[in-house]
Amino acid sequence: KPPPPPPPSFMHLTPKLPHSAASFTMSSLCQICIVLFFSVLVSVVSSQAATEPTTPIPISASSFSFARGAMSSDIVVDMWIDLGCSDCMNDWPTLEEVYAGYQNKVKFVYRLLPLPYHQFAFLLAKSAACVAVHSADADDVFDFFNTVYDPPNQALIYNSVTADMSYNSVMEDIVSKFVTNSSSITAEDYVKFMAEDYDLESNTRYGFKNAAIRGIYATPTFTVNGVTVQSGLDSFEDWQEMLDSLTNEL
């Protein structure tokens with residue numbers, strides 16, 4: 001007797017798509033999912049950008065520096081200095097002589113570049129900003145420069161001397177004396193301003209960024225009307241020769 005026939009199968013009733021059509025359907029579905037994902041992502045990012053405050057470009061040709069002399073002069077000398085730099089200390093008497101001789105003819109702009117390998121250079125730069133902003137006379141900042149560059153004072157902030165000292169110790173025990181000796185700021189107010197006035201911190205950082213974006217990497221560096229003078233300004237006579245050639249044309 002022959003075996004009974006197999007039960008009826010309905011598989012033959014399931015429609016089969018051609019291979020190319022099935023592939024096309026899966027590919028299209030993936031593409032749609034990807035498009036939807038990135039659409040949502042762009043929407044979220046755009047929404048955040050619309051609600052978050054924008055940050056101003058922290059670079060300015062005139063801000064975050066200290067200027068004196070003939071403010072409307074066509075001759076502008078930029079001096080990039082580091083208050084923790086012994087080379088700047090050695091040049092400072094000459095730079096003061098140059099200012100005294102040409103303050104009525106030249107605009108002098110002092111830009112602080114606290115080099116990272118001078119351990120407390122940034123603290124000194126921020127303290128200079130504090131003097132310029134909070135002292136009764138903004139020009140007291142130049143007295144602060146004179147105080148910091150006095151060799152016995154400069155020796156107090158050498159890396160070797162401050163290696164085991166904390167930031168607050170150097171600020172309160174050493175730099176606060178520089179500030180009180182050169183400005184109207186009390187030691188108590190100085191510590192308070194340094195802790196609470198964030199503009200001092202941000203402007204000091206911007207001054208560093210200003211130097212970086214201009215390619216200034218060493219101190220002292222001098223630019224005259226935007227042109228970097230690579231060398232040859234070692235004495236007052238060198239400065240005199242250069243500045244006389246420029247001011248005589250005015």
# chains A, B, ... in the order shown; residues from 1 in each chain; ligands from 1
>>> closest_atom_pairs(of="segment 58-135 of chain A", to="segment 183-194 of chain A", cutoff="10 Å", atoms="only C-alpha atoms", output="tab-separated table")
residue	atom	partner	partner_atom	distance
A:Leu123	CA	A:Met194	CA	9.3
A:Lys126	CA	A:Met194	CA	7.8
A:Ser127	CA	A:Met194	CA	7.4
A:Ala129	CA	A:Met194	CA	9.6
A:Cys130	CA	A:Phe193	CA	7.1
A:Val131	CA	A:Ser183	CA	6.7
A:Ala132	CA	A:Ser183	CA	9.1
A:Val133	CA	A:Phe193	CA	9.9
A:His134	CA	A:Ile185	CA	7.1
A:Ser135	CA	A:Ser184	CA	5.3
>>> residues_around(residues="Ala128 of chain A", least_positions_apart="4", cutoff="12 Å", atoms="only C-alpha atoms", output="PyMOL selection string")
chain A and resi 64-66+82-84+110-114+121-124+132-135+138-148+175-176+178-180+182-183+185+190+193-194+200-201+203-204+207
>>> residues_around(residues="segment 94-98 of chain A", least_positions_apart="6", cutoff="8 Å", atoms="only C-alpha atoms", output="ChimeraX atom specification")
/A:235-236,239-240
>>> atom_distance(atom1="atom CA of Tyr206 of chain A", atom2="atom CA of Ala125 of chain A")
11.4 Å
>>> atom_distance(atom1="atom CA of Gln154 of chain A", atom2="atom CA of Ala195 of chain A")
23.5 Å
